[in-house]
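File shown here: run-v2.json, holding JSON, C-alpha atoms.
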[["chain", "number", "residue", "atom", "x", "y", "z"],
["F", 1, "MET", "CA", 207.72, 91.81, -39.42],
["F", 2, "ASN", "CA", 206.55, 88.79, -37.40],
["F", 3, "PRO", "CA", 207.05, 85.44, -39.19],
["F", 4, "ASN", "CA", 203.92, 83.60, -40.29],
["F", 5, "ALA", "CA", 203.07, 79.99, -39.42],
["F", 6, "ALA", "CA", 204.57, 78.54, -42.61],
["F", 7, "ILE", "CA", 207.90, 80.29, -42.02],
["F", 8, "LEU", "CA", 208.03, 79.14, -38.37],
["F", 9, "LEU", "CA", 207.22, 75.56, -39.38],
["F", 10, "ASN", "CA", 209.99, 75.50, -41.98],
["F", 11, "ARG", "CA", 212.48, 76.88, -39.47],
["F", 12, "LEU", "CA", 211.56, 74.32, -36.82],
["F", 13, "LEU", "CA", 211.71, 71.46, -39.34],
["F", 14, "SER", "CA", 215.05, 72.46, -40.81],
["F", 15, "ARG", "CA", 216.84, 73.86, -37.76],
["F", 16, "GLY", "CA", 215.07, 72.49, -34.69],
["F", 17, "LYS", "CA", 216.31, 69.49, -32.70],
["F", 18, "PHE", "CA", 214.76, 67.15, -30.16],
["F", 19, "ARG", "CA", 217.36, 68.34, -27.64],
["F", 20, "HIS", "CA", 215.87, 71.82, -27.96],
["F", 21, "LEU", "CA", 212.47, 70.48, -26.90],
["F", 22, "GLN", "CA", 214.03, 68.69, -23.94],
["F", 23, "VAL", "CA", 215.66, 71.93, -22.80],
["F", 24, "LEU", "CA", 212.38, 73.82, -23.26],
["F", 25, "LEU", "CA", 210.41, 71.36, -21.13],
["F", 26, "SER", "CA", 213.07, 71.10, -18.42],
["F", 27, "LEU", "CA", 213.41, 74.86, -18.10],
["F", 28, "ALA", "CA", 209.65, 75.24, -17.77],
["F", 29, "GLU", "CA", 209.49, 72.49, -15.14],
["F", 30, "LEU", "CA", 212.56, 73.38, -13.10],
["F", 31, "GLY", "CA", 212.63, 77.16, -13.55],
["F", 32, "SER", "CA", 216.42, 77.25, -13.46],
["F", 33, "VAL", "CA", 219.17, 77.09, -16.08],
["F", 34, "GLN", "CA", 221.57, 75.37, -13.67],
["F", 35, "ARG", "CA", 219.05, 72.75, -12.53],
["F", 36, "THR", "CA", 218.11, 72.07, -16.14],
["F", 37, "ALA", "CA", 221.76, 71.61, -17.08],
["F", 38, "ASP", "CA", 222.25, 69.17, -14.18],
["F", 39, "ALA", "CA", 219.07, 67.26, -15.02],
["F", 40, "ILE", "CA", 219.84, 66.60, -18.69],
["F", 41, "GLY", "CA", 223.63, 66.42, -18.57],
["F", 42, "LEU", "CA", 224.60, 69.69, -20.25],
["F", 43, "THR", "CA", 226.66, 72.64, -19.11],
["F", 44, "GLN", "CA", 224.93, 75.80, -17.96],
["F", 45, "SER", "CA", 226.36, 77.71, -20.93],
["F", 46, "ALA", "CA", 225.04, 75.06, -23.36],
["F", 47, "VAL", "CA", 221.51, 75.42, -21.94],
["F", 48, "THR", "CA", 221.76, 79.20, -22.19],
["F", 49, "GLN", "CA", 222.93, 78.96, -25.81],
["F", 50, "ILE", "CA", 220.12, 76.57, -26.75],
["F", 51, "LEU", "CA", 217.54, 78.87, -25.20],
["F", 52, "ALA", "CA", 218.95, 81.88, -27.03],
["F", 53, "TYR", "CA", 218.96, 79.89, -30.29],
["F", 54, "LEU", "CA", 215.30, 78.89, -29.84],
["F", 55, "GLU", "CA", 214.25, 82.46, -29.12],
["F", 56, "ARG", "CA", 216.03, 83.67, -32.26],
["F", 57, "LEU", "CA", 214.37, 80.88, -34.22],
["F", 58, "VAL", "CA", 210.83, 81.90, -33.23],
["F", 59, "GLU", "CA", 211.65, 85.62, -32.91],
["F", 60, "MET", "CA", 210.00, 86.00, -29.52],
["F", 61, "PRO", "CA", 211.00, 85.49, -25.85],
["F", 62, "LEU", "CA", 210.18, 82.08, -24.42],
["F", 63, "PHE", "CA", 211.25, 82.75, -20.82],
["F", 64, "GLU", "CA", 211.32, 85.74, -18.51],
["F", 65, "ARG", "CA", 214.50, 86.05, -16.46],
["F", 66, "HIS", "CA", 214.20, 86.89, -12.76],
["F", 67, "ALA", "CA", 216.40, 86.77, -9.68],
["F", 68, "ARG", "CA", 215.65, 83.11, -8.88],
["F", 69, "GLY", "CA", 215.70, 81.72, -12.42],
["F", 70, "VAL", "CA", 213.37, 81.76, -15.42],
["F", 71, "ARG", "CA", 209.60, 81.78, -15.95],
["F", 72, "PRO", "CA", 207.79, 80.64, -19.15],
["F", 73, "THR", "CA", 206.19, 83.36, -21.28],
["F", 74, "ASP", "CA", 202.76, 82.96, -22.91],
["F", 75, "ALA", "CA", 204.52, 81.97, -26.15],
["F", 76, "CYS", "CA", 206.37, 79.22, -24.29],
["F", 77, "HIS", "CA", 203.11, 77.94, -22.78],
["F", 78, "ASP", "CA", 201.79, 77.62, -26.34],
["F", 79, "LEU", "CA", 204.71, 75.35, -27.24],
["F", 80, "LEU", "CA", 204.92, 73.22, -24.09],
["F", 81, "PRO", "CA", 202.06, 70.76, -24.78],
["F", 82, "ILE", "CA", 203.33, 70.25, -28.33],
["F", 83, "ALA", "CA", 206.88, 69.63, -27.11],
["F", 84, "HIS", "CA", 205.60, 67.22, -24.46],
["F", 85, "ASN", "CA", 203.59, 65.23, -27.01],
["F", 86, "LEU", "CA", 206.49, 65.09, -29.47],
["F", 87, "LEU", "CA", 208.97, 63.80, -26.90],
["F", 88, "GLY", "CA", 206.42, 61.33, -25.56],
["F", 89, "THR", "CA", 205.84, 59.97, -29.05],
["F", 90, "LEU", "CA", 209.60, 59.83, -29.63],
["F", 91, "ALA", "CA", 210.00, 57.77, -26.44],
["F", 92, "GLN", "CA", 207.33, 55.34, -27.66],
["F", 93, "GLY", "CA", 209.14, 55.09, -30.98],
["F", 94, "ALA", "CA", 212.38, 54.23, -29.20],
["F", 95, "GLU", "CA", 210.56, 51.53, -27.21],
["F", 96, "ALA", "CA", 209.06, 50.08, -30.38],
["F", 97, "LEU", "CA", 212.39, 50.03, -32.24],
["F", 98, "ALA", "CA", 214.21, 48.49, -29.28],
["F", 99, "ALA", "CA", 211.54, 45.82, -28.95],
["F", 100, "ARG", "CA", 211.73, 45.07, -32.66],
["F", 101, "ALA", "CA", 215.53, 44.77, -32.51],
["F", 102, "GLN", "CA", 215.60, 42.64, -29.35],
["F", 103, "ARG", "CA", 212.54, 40.41, -29.85],
["F", 104, "GLY", "CA", 211.42, 40.90, -33.43],
["F", 105, "GLU", "CA", 207.74, 39.93, -33.08],
["F", 106, "GLY", "CA", 206.21, 43.37, -32.85],
["F", 107, "VAL", "CA", 204.80, 45.95, -30.46],
["F", 108, "VAL", "CA", 201.24, 46.61, -29.30],
["F", 109, "ARG", "CA", 200.37, 50.06, -27.94],
["F", 110, "VAL", "CA", 197.53, 49.61, -25.47],
["F", 111, "ALA", "CA", 195.47, 52.12, -23.52],
["F", 112, "ALA", "CA", 193.41, 50.67, -20.66],
["F", 113, "SER", "CA", 191.04, 51.92, -18.00],
["F", 114, "GLN", "CA", 191.61, 51.10, -14.34],
["F", 115, "ALA", "CA", 188.76, 48.59, -14.43],
["F", 116, "ALA", "CA", 190.28, 46.84, -17.44],
["F", 117, "LEU", "CA", 193.74, 46.82, -15.87],
["F", 118, "SER", "CA", 192.40, 45.30, -12.65],
["F", 119, "GLY", "CA", 190.28, 42.74, -14.46],
["F", 120, "LEU", "CA", 190.91, 41.72, -18.05],
["F", 121, "LEU", "CA", 194.58, 42.61, -18.35],
["F", 122, "SER", "CA", 195.87, 41.63, -14.92],
["F", 123, "TYR", "CA", 194.69, 38.08, -15.55],
["F", 124, "SER", "CA", 195.69, 37.95, -19.21],
["F", 125, "LEU", "CA", 199.11, 39.58, -19.57],
["F", 126, "PRO", "CA", 201.27, 37.13, -17.55],
["F", 127, "SER", "CA", 200.14, 34.11, -19.59],
["F", 128, "PHE", "CA", 200.25, 36.15, -22.81],
["F", 129, "PHE", "CA", 203.95, 36.86, -22.32],
["F", 130, "ASP", "CA", 204.55, 33.19, -21.56],
["F", 131, "GLU", "CA", 203.06, 32.32, -24.96],
["F", 132, "HIS", "CA", 204.44, 35.34, -26.88],
["F", 133, "PRO", "CA", 207.77, 36.35, -25.30],
["F", 134, "GLY", "CA", 208.75, 38.22, -28.47],
["F", 135, "ILE", "CA", 205.87, 40.71, -28.36],
["F", 136, "THR", "CA", 206.23, 43.94, -26.39],
["F", 137, "VAL", "CA", 203.16, 45.66, -24.95],
["F", 138, "ILE", "CA", 203.45, 49.39, -24.32],
["F", 139, "LEU", "CA", 200.68, 49.94, -21.78],
["F", 140, "ARG", "CA", 199.32, 53.23, -20.49],
["F", 141, "GLU", "CA", 196.40, 53.94, -18.20],
["F", 142, "ALA", "CA", 193.70, 56.20, -19.64],
["F", 143, "GLU", "CA", 190.03, 56.85, -18.97],
["F", 144, "GLY", "CA", 187.23, 58.00, -21.31],
["F", 145, "ALA", "CA", 188.27, 61.36, -22.76],
["F", 146, "ASP", "CA", 191.98, 60.50, -22.66],
["F", 147, "GLN", "CA", 191.28, 57.27, -24.55],
["F", 148, "ARG", "CA", 189.49, 59.22, -27.28],
["F", 149, "LEU", "CA", 192.40, 61.65, -27.55],
["F", 150, "LEU", "CA", 194.86, 58.77, -27.99],
["F", 151, "ILE", "CA", 192.64, 57.22, -30.65],
["F", 152, "GLY", "CA", 192.33, 60.53, -32.47],
["F", 153, "ALA", "CA", 196.11, 61.00, -32.40],
["F", 154, "LYS", "CA", 196.61, 57.40, -33.62],
["F", 155, "GLU", "CA", 198.82, 56.65, -30.63],
["F", 156, "VAL", "CA", 197.21, 53.33, -29.70],
["F", 157, "ASP", "CA", 196.57, 50.02, -31.47],
["F", 158, "LEU", "CA", 194.08, 48.74, -28.93],
["F", 159, "VAL", "CA", 191.96, 50.14, -26.09],
["F", 160, "VAL", "CA", 190.76, 47.87, -23.28],
["F", 161, "CYS", "CA", 187.89, 49.64, -21.57],
["F", 162, "ARG", "CA", 184.23, 49.76, -20.66],
["F", 163, "ARG", "CA", 181.77, 50.07, -23.53],
["F", 164, "ALA", "CA", 181.08, 53.75, -24.14],
["F", 165, "PRO", "CA", 177.73, 55.19, -25.30],
["F", 166, "VAL", "CA", 179.40, 56.35, -28.52],
["F", 167, "ILE", "CA", 182.07, 54.26, -30.26],
["F", 168, "PRO", "CA", 184.75, 56.27, -32.15],
["F", 169, "GLU", "CA", 184.30, 56.26, -35.90],
["F", 170, "GLY", "CA", 186.26, 53.48, -37.55],
["F", 171, "TRP", "CA", 186.46, 51.39, -34.36],
["F", 172, "ASP", "CA", 184.44, 48.43, -33.01],
["F", 173, "PHE", "CA", 183.83, 47.22, -29.46],
["F", 174, "GLN", "CA", 183.94, 43.55, -28.46],
["F", 175, "ALA", "CA", 182.33, 42.94, -25.06],
["F", 176, "LEU", "CA", 184.14, 40.36, -22.90],
["F", 177, "GLU", "CA", 183.33, 40.81, -19.23],
["F", 178, "GLU", "CA", 180.23, 41.84, -17.33],
["F", 179, "ASP", "CA", 180.56, 44.20, -14.38],
["F", 180, "ARG", "CA", 178.46, 45.62, -11.57],
["F", 181, "MET", "CA", 178.69, 48.00, -8.65],
["F", 182, "SER", "CA", 179.26, 46.65, -5.16],
["F", 183, "ILE", "CA", 179.46, 48.01, -1.62],
["F", 184, "LEU", "CA", 182.86, 47.03, -0.23],
["F", 185, "CYS", "CA", 184.70, 47.16, 3.07],
["F", 186, "CYS", "CA", 187.80, 45.58, 4.55],
["F", 187, "SER", "CA", 187.48, 42.26, 6.37],
["F", 188, "SER", "CA", 187.99, 43.95, 9.76],
["F", 189, "HIS", "CA", 185.20, 46.49, 9.25],
["F", 190, "PRO", "CA", 182.35, 46.32, 11.80],
["F", 191, "LEU", "CA", 179.84, 45.62, 9.02],
["F", 192, "ALA", "CA", 181.89, 42.88, 7.34],
["F", 193, "LYS", "CA", 180.05, 40.04, 9.11],
["F", 194, "SER", "CA", 176.71, 41.72, 9.56],
["F", 195, "ARG", "CA", 173.74, 39.47, 8.77],
["F", 196, "SER", "CA", 171.07, 42.18, 8.88],
["F", 197, "LEU", "CA", 172.51, 45.03, 6.90],
["F", 198, "THR", "CA", 170.32, 48.11, 6.42],
["F", 199, "ARG", "CA", 170.68, 51.42, 4.62],
["F", 200, "ALA", "CA", 170.68, 53.20, 7.96],
["F", 201, "ALA", "CA", 173.67, 51.12, 9.07],
["F", 202, "LEU", "CA", 175.51, 52.12, 5.90],
["F", 203, "ALA", "CA", 174.77, 55.79, 6.50],
["F", 204, "SER", "CA", 176.31, 55.62, 9.97],
["F", 205, "HIS", "CA", 179.80, 54.82, 8.61],
["F", 206, "ALA", "CA", 182.32, 56.87, 6.64],
["F", 207, "TRP", "CA", 182.71, 56.40, 2.88],
["F", 208, "LEU", "CA", 185.57, 56.75, 0.43],
["F", 209, "LEU", "CA", 184.43, 57.92, -2.99],
["F", 210, "LEU", "CA", 185.80, 57.99, -6.51],
["F", 211, "PRO", "CA", 185.80, 61.34, -8.41],
["F", 212, "ALA", "CA", 182.51, 62.99, -9.36],
["F", 213, "ASP", "CA", 182.69, 61.94, -13.04],
["F", 214, "SER", "CA", 182.77, 58.21, -12.20],
["F", 215, "PRO", "CA", 179.77, 55.81, -12.29],
["F", 216, "SER", "CA", 180.58, 55.06, -8.66],
["F", 217, "ARG", "CA", 179.49, 58.54, -7.57],
["F", 218, "VAL", "CA", 176.26, 58.39, -9.55],
["F", 219, "TYR", "CA", 175.24, 55.07, -8.00],
["F", 220, "PHE", "CA", 176.30, 56.24, -4.55],
["F", 221, "GLU", "CA", 174.03, 59.29, -4.77],
["F", 222, "GLU", "CA", 171.14, 57.04, -5.75],
["F", 223, "LEU", "CA", 171.88, 54.57, -2.96],
["F", 224, "THR", "CA", 171.92, 57.25, -0.24],
["F", 225, "ARG", "CA", 169.32, 59.63, -1.69],
["F", 226, "ASP", "CA", 166.73, 59.01, 1.06],
["F", 227, "LEU", "CA", 169.20, 58.71, 3.94],
["F", 228, "PRO", "CA", 170.85, 61.21, 6.27],
["F", 229, "LYS", "CA", 173.96, 62.50, 4.55],
["F", 230, "PRO", "CA", 176.74, 59.92, 5.14],
["F", 231, "ARG", "CA", 180.20, 60.96, 6.30],
["F", 232, "ILE", "CA", 182.56, 61.29, 3.34],
["F", 233, "HIS", "CA", 186.31, 60.85, 3.73],
["F", 234, "PRO", "CA", 188.12, 64.00, 2.55],
["F", 235, "ILE", "CA", 190.42, 62.23, 0.08],
["F", 236, "VAL", "CA", 189.09, 61.80, -3.48],
["F", 237, "THR", "CA", 191.35, 59.76, -5.77],
["F", 238, "ARG", "CA", 191.48, 57.22, -8.59],
["F", 239, "SER", "CA", 194.66, 55.64, -7.21],
["F", 240, "LEU", "CA", 193.75, 52.03, -6.41],
["F", 241, "SER", "CA", 196.66, 51.49, -4.05],
["F", 242, "THR", "CA", 195.61, 54.57, -2.08],
["F", 243, "ILE", "CA", 191.95, 53.54, -2.09],
["F", 244, "TRP", "CA", 192.55, 50.04, -0.70],
["F", 245, "TRP", "CA", 195.10, 51.27, 1.84],
["F", 246, "MET", "CA", 192.72, 53.93, 3.16],
["F", 247, "MET", "CA", 189.84, 51.45, 3.31],
["F", 248, "ARG", "CA", 191.91, 49.05, 5.39],
["F", 249, "GLN", "CA", 193.52, 51.61, 7.67],
["F", 250, "SER", "CA", 190.49, 53.83, 8.27],
["F", 251, "ARG", "CA", 187.79, 51.16, 7.96],
["F", 252, "LEU", "CA", 185.90, 52.98, 5.25],
["F", 253, "LEU", "CA", 183.05, 51.83, 3.03],
["F", 254, "GLY", "CA", 183.34, 52.12, -0.73],
["F", 255, "PHE", "CA", 180.97, 51.75, -3.67],
["F", 256, "PHE", "CA", 183.03, 50.54, -6.61],
["F", 257, "PRO", "CA", 182.88, 48.35, -9.72],
["F", 258, "VAL", "CA", 183.64, 44.72, -8.88],
["F", 259, "SER", "CA", 186.24, 44.73, -11.67],
["F", 260, "LEU", "CA", 188.35, 47.25, -9.72],
["F", 261, "ALA", "CA", 188.38, 45.11, -6.59],
["F", 262, "ARG", "CA", 188.58, 41.63, -8.09],
["F", 263, "HIS", "CA", 191.98, 40.77, -6.59],
["F", 264, "TRP", "CA", 191.17, 41.99, -3.07],
["F", 265, "ILE", "CA", 187.76, 40.28, -3.06],
["F", 266, "GLY", "CA", 189.42, 37.06, -4.17],
["F", 267, "THR", "CA", 192.00, 37.17, -1.36],
["F", 268, "GLY", "CA", 189.39, 38.09, 1.24],
["F", 269, "GLU", "CA", 190.95, 41.49, 2.01],
["F", 270, "LEU", "CA", 187.78, 43.21, 0.84],
["F", 271, "VAL", "CA", 184.25, 41.99, 1.54],
["F", 272, "GLU", "CA", 181.08, 42.67, -0.44],
["F", 273, "LEU", "CA", 178.08, 43.94, 1.51],
["F", 274, "HIS", "CA", 174.60, 43.20, 0.20],
["F", 275, "LEU", "CA", 171.34, 45.00, 0.87],
["F", 276, "PRO", "CA", 168.27, 42.79, 0.31],
["F", 277, "ASP", "CA", 166.11, 45.66, -0.99],
["F", 278, "VAL", "CA", 168.67, 47.11, -3.43],
["F", 279, "PRO", "CA", 168.57, 45.83, -7.03],
["F", 280, "GLU", "CA", 171.82, 44.82, -8.66],
["F", 281, "ALA", "CA", 173.55, 47.81, -10.27],
["F", 282, "ARG", "CA", 174.86, 46.54, -13.59],
["F", 283, "LEU", "CA", 177.52, 48.45, -15.52],
["F", 284, "ASP", "CA", 178.38, 48.47, -19.21],
["F", 285, "PRO", "CA", 180.66, 45.52, -19.99],
["F", 286, "LEU", "CA", 184.43, 45.63, -20.32],
["F", 287, "GLY", "CA", 186.06, 44.60, -23.54],
["F", 288, "LEU", "CA", 188.26, 45.42, -26.51],
["F", 289, "LEU", "CA", 187.99, 48.56, -28.63],
["F", 290, "LEU", "CA", 189.64, 47.79, -31.98],
["F", 291, "PRO", "CA", 190.16, 49.69, -35.23],
["F", 292, "GLN", "CA", 188.12, 48.37, -38.15],
["F", 293, "ALA", "CA", 191.17, 48.63, -40.41],
["F", 294, "THR", "CA", 193.68, 45.79, -40.62],
["F", 295, "ILE", "CA", 195.50, 45.27, -37.33],
["F", 296, "SER", "CA", 198.98, 43.88, -36.80],
["F", 297, "VAL", "CA", 199.74, 40.23, -36.07],
["F", 298, "ALA", "CA", 200.94, 41.19, -32.58],
["F", 299, "THR", "CA", 197.73, 43.13, -31.81],
["F", 300, "ARG", "CA", 195.59, 40.26, -33.07],
["F", 301, "ALA", "CA", 197.51, 37.80, -30.88],
["F", 302, "LEU", "CA", 196.94, 39.94, -27.78],
["F", 303, "CYS", "CA", 193.22, 40.37, -28.52],
["F", 304, "SER", "CA", 192.75, 36.64, -29.05],
["F", 305, "HIS", "CA", 194.52, 35.82, -25.81],
["F", 306, "VAL", "CA", 192.54, 38.34, -23.73],
["F", 307, "ALA", "CA", 189.28, 37.06, -25.23],
["F", 308, "LYS", "CA", 190.26, 33.47, -24.47],
["F", 309, "ARG", "CA", 191.15, 34.27, -20.87],
["F", 310, "SER", "CA", 187.87, 36.11, -20.38],
["F", 311, "GLN", "CA", 185.97, 32.89, -21.07],
["F", 312, "GLU", "CA", 187.69, 30.92, -18.34],
["F", 313, "CYS", "CA", 185.74, 30.29, -15.17],
["F", 314, "SER", "CA", 188.37, 31.84, -12.88],
["F", 315, "PHE", "CA", 188.15, 35.02, -14.89],
["F", 316, "ARG", "CA", 184.45, 35.74, -14.49],
["F", 317, "MET", "CA", 182.90, 38.33, -12.26],
["F", 318, "PRO", "CA", 182.38, 37.10, -8.68],
["F", 319, "ALA", "CA", 178.78, 36.05, -8.17],
["F", 320, "ILE", "CA", 176.55, 37.70, -5.60],
["F", 321, "PRO", "CA", 176.25, 35.36, -2.61]]
Just give me the structure of the file as structure tokens.
Amino acid sequence: MNPNAAILLNRLLSRGKFRHLQVLLSLAELGSVQRTADAIGLTQSAVTQILAYLERLVEMPLFERHARGVRPTDACHDLLPIAHNLLGTLAQGAEALAARAQRGEGVVRVAASQAALSGLLSYSLPSFFDEHPGITVILREAEGADQRLLIGAKEVDLVVCRRAPVIPEGWDFQALEEDRMSILCCSSHPLAKSRSLTRAALASHAWLLLPADSPSRVYFEELTRDLPKPRIHPIVTRSLSTIWWMMRQSRLLGFFPVSLARHWIGTGELVELHLPDVPEARLDPLGLLLPQATISVATRALCSHVAKRSQECSFRMPAIP
């Protein structure tokens, strides 16, 4: 008779180990007992024994054996995301405990969008650590849906992001920084010094776009709606380093939030292009998404510092010339 969920849970709680999850994930990723053993510092026989133990524990095969190694079964695929989340949370716990032992002033788990990382946090974190060297910030990049998942799983203390249409229940948003869309190019682009920019001129050059679910794409479609279809570069990415490198090397145009490009605009590597007949495209502001419940002293210190930095003149959105 197949064990029910309660029996399996009791077995995993009483007889399962974190090392078992590590072996499960490594086997699924590497597809080889020997490579898994090498990767996590076990012998091949130890990996084989752990796998056999796990399969006896759940009473079903977790991997199919074949000539070149192993392949996860459907049952294994059911377990993999859970194992991944558990080990990820365990790693965060280790970071928090180490920070507490070494510094003693607390840990803040922060999720931030790319725009927030490029704007609010890049200008705030260096001076924050100067003032609070005993606080550790565990920072991960996450956009909309991923932020909501982290909030739902209670894996973050603070989210730095753009204001969303719907705020998660039990959380409040504090707006700090305005933002807008801007047409950008590198300083060596043929249009960089143009004094009579037109939509037709924009349509004659190649563009680099963010993914389809980004505000950038929506505004781009509106901007070019009545023009011949512009040339689109075949790479679509959210990687900022890749975006700016491609724009410089291939002399591409981009339509991005100013917050994403703040550093490169400030250094003159990227130039804003302005069309006289195009109204300013404002975006929802960036700010802090905080739980309504009591927050830690460390979280409050970080929020106060970011809010303070956002009020400084050097931290405001570049004005339109």
Q: Using all atoms listed in the file, pick whichever of F:Arg56, F:His77, F:Arg231, F:Arg238 has the shortest atom-to-atom distance to Leu252 of chain F.
A: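 Smallest distance to Leu252 of chain F is found for F:Arg231.
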Q: Would you kindly return, as an MDAnalysis selection string, each protein, DNA or RNA residue with an atom no farther than 8 Å from any atom of Ala83 of chain F, considering only C-alpha atoms and excluding same-chain residues fewer than 5 positions away?
A: chainID F and resid 21:22 24:25
Q) atom CA of Phe63 of chain F to atom CA of Ala28 of chain F: how many Å, to one decimal? A)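 Separating atom CA of Phe63 of chain F from atom CA of Ala28 of chain F is a distance of 8.3 Å.
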Q: Would you work out the distance separating atom CA of Ala201 of chain F from atom CA of Trp264 of chain F, expressed in Å to one decimal?
A: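 Going from atom CA of Ala201 of chain F over to atom CA of Trp264 of chain F, I get 23.2 Å.
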Q. Which residue out of F:Ile82, F:Val160, F:Leu150, F:Ile167 has the minimum interatomic distance to Ala112 of chain F when all atoms listed in the file are used?
A.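 Among the listed residues, the smallest separation from Ala112 of chain F belongs to F:Val160.
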Q) Quick one: residues within 10 Å of Val236 of chain F, only C-alpha atoms counted, chain neighbours fewer than 4 positions away excluded, as a list of chain:residue names? A)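 Everything that qualifies: F:Leu208, F:Leu209, F:Leu210, F:Pro211, F:Ala212, F:Ile232, F:Thr242, F:Ile243.
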**Q.** Distance criterion (all atoms listed in the file): nearest to Pro257 of chain F out of F:Arg217, F:Arg35, F:His84, F:Arg71
**A.**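 The shortest atom-to-atom distance to Pro257 of chain F comes from F:Arg217.
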Q | Residue nearest Arg199 of chain F among F:Thr224, F:Ser214, F:Thr267, F:Thr73 (counting all atoms listed in the file) | A |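 Of all the options, F:Thr224 lies closest to Arg199 of chain F.
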Q. Which of these, F:Arg300, F:Ser204, F:Arg180, F:Glu141, has the shortest distance to Ser216 of chain F once you count only C-alpha atoms?
A.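 Of F:Arg300, F:Ser204, F:Arg180, F:Glu141, the one nearest Ser216 of chain F is F:Arg180, counting only C-alpha atoms.
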Q. Using only C-alpha atoms, which residue out of F:Val306, F:Ile151, F:Gly254, F:Leu121 lies closest to Leu139 of chain F?
A.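 Of all the options, F:Leu121 lies closest to Leu139 of chain F.
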Find the nearest atom pair between each residue of segment 150-240 of chain F and segment 279-287 of chain F for residues within 8 Å, count all atoms listed in the file, give distances in Å to one decimal, sort rows by chain and ascending number, and present the table as JSON lines.
{"residue": "F:Val160", "atom": "CA", "partner": "F:Gly287", "partner_atom": "CA", "distance": 5.7}
{"residue": "F:Cys161", "atom": "CA", "partner": "F:Leu286", "partner_atom": "CA", "distance": 5.4}
{"residue": "F:Arg162", "atom": "CA", "partner": "F:Leu286", "partner_atom": "CA", "distance": 4.1}
{"residue": "F:Arg163", "atom": "CA", "partner": "F:Asp284", "partner_atom": "CA", "distance": 5.7}
{"residue": "F:Ala164", "atom": "CA", "partner": "F:Asp284", "partner_atom": "CA", "distance": 7.7}
{"residue": "F:Phe173", "atom": "CA", "partner": "F:Gly287", "partner_atom": "CA", "distance": 6.8}
{"residue": "F:Gln174", "atom": "CA", "partner": "F:Gly287", "partner_atom": "CA", "distance": 5.5}
{"residue": "F:Ala175", "atom": "CA", "partner": "F:Gly287", "partner_atom": "CA", "distance": 4.4}
{"residue": "F:Leu176", "atom": "CA", "partner": "F:Gly287", "partner_atom": "CA", "distance": 4.7}
{"residue": "F:Glu177", "atom": "CA", "partner": "F:Leu286", "partner_atom": "CA", "distance": 5.1}
{"residue": "F:Glu178", "atom": "CA", "partner": "F:Pro285", "partner_atom": "CA", "distance": 4.6}
{"residue": "F:Asp179", "atom": "CA", "partner": "F:Leu283", "partner_atom": "CA", "distance": 5.3}
{"residue": "F:Arg180", "atom": "CA", "partner": "F:Arg282", "partner_atom": "CA", "distance": 4.2}
{"residue": "F:Met181", "atom": "CA", "partner": "F:Ala281", "partner_atom": "CA", "distance": 5.4}
{"residue": "F:Ser182", "atom": "CA", "partner": "F:Ala281", "partner_atom": "CA", "distance": 7.7}
{"residue": "F:Tyr219", "atom": "CA", "partner": "F:Ala281", "partner_atom": "CA", "distance": 7.8}
(Q) At a cut-off of 12 Å, using all atoms listed in the file, what residues contact Arg148 of chain F? Leave out same-chain residues fewer than 3 positions from it and give the result as a ChimeraX atom specification. (A) /F:111-113,142-145,151-156,158-159,161,164,166-169,171,289
Q. Around (186.7, 40.5, 0.1) in the file's frame, which residues reach within 10 Å when counting only C-alpha atoms? Return as a list in words?
A.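 Taken together, the residues in range are Leu184, Cys185, Cys186, Ser187, Ala192, Ala261, Arg262, His263, Trp264, Ile265, Gly266, Thr267, Gly268, Glu269, Leu270, Val271, Glu272 and Leu273 of chain F.
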Q) In Å, how far is it from atom CA of Pro234 of chain F to atom CA of Ala206 of chain F? A)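 For atom CA of Pro234 of chain F relative to atom CA of Ala206 of chain F, the distance reads 10.1 Å.
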Q: Please check which residues have atoms at most 12 Å from (217.5, 68.3, -31.5) in the file's coordinates, counting only C-alpha atoms, and write them as a list in words.
A: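 The distance filter leaves exactly Leu12, Leu13, Ser14, Arg15, Gly16, Lys17, Phe18, Arg19, His20, Leu21, Gln22, Val23, Leu24, Ile50, Tyr53, Leu54, Ala83, Leu86, Leu87 and Leu90 of chain F.
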(Q) So that I can see what lies close to Pro126 of chain F, please list as a PyMOL selection string the residues with an atom at most 12 Å from it, counting all atoms listed in the file and leaving out residues fewer than 3 positions away in the same chain. (A) chain F and resi 120-123+129-133+137+302+305-306+309
Store the residues picked out above in a file with C-alpha atoms, as an mmCIF file, in the coordinates of the input.
data_model
loop_
_atom_site.group_PDB
_atom_site.id
_atom_site.type_symbol
_atom_site.label_atom_id
_atom_site.label_comp_id
_atom_site.auth_asym_id
_atom_site.auth_seq_id
_atom_site.Cartn_x
_atom_site.Cartn_y
_atom_site.Cartn_z
ATOM 1 C CA LEU F 120 190.910 41.720 -18.050
ATOM 2 C CA LEU F 121 194.580 42.610 -18.350
ATOM 3 C CA SER F 122 195.870 41.630 -14.920
ATOM 4 C CA TYR F 123 194.690 38.080 -15.550
ATOM 5 C CA PHE F 129 203.950 36.860 -22.320
ATOM 6 C CA ASP F 130 204.550 33.190 -21.560
ATOM 7 C CA GLU F 131 203.060 32.320 -24.960
ATOM 8 C CA HIS F 132 204.440 35.340 -26.880
ATOM 9 C CA PRO F 133 207.770 36.350 -25.300
ATOM 10 C CA VAL F 137 203.160 45.660 -24.950
ATOM 11 C CA LEU F 302 196.940 39.940 -27.780
ATOM 12 C CA HIS F 305 194.520 35.820 -25.810
ATOM 13 C CA VAL F 306 192.540 38.340 -23.730
ATOM 14 C CA ARG F 309 191.150 34.270 -20.870
#
**Q.** Surrounding residues of Val108 of chain F excluding itself and chain neighbours under 5 positions, 7 Å, all atoms listed in the file, as a list in words
**A.**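 Near neighbours after the sequence-gap exclusion: Thr136, Val137, Ile138, Asp157, Ala298 and Thr299 of chain F.
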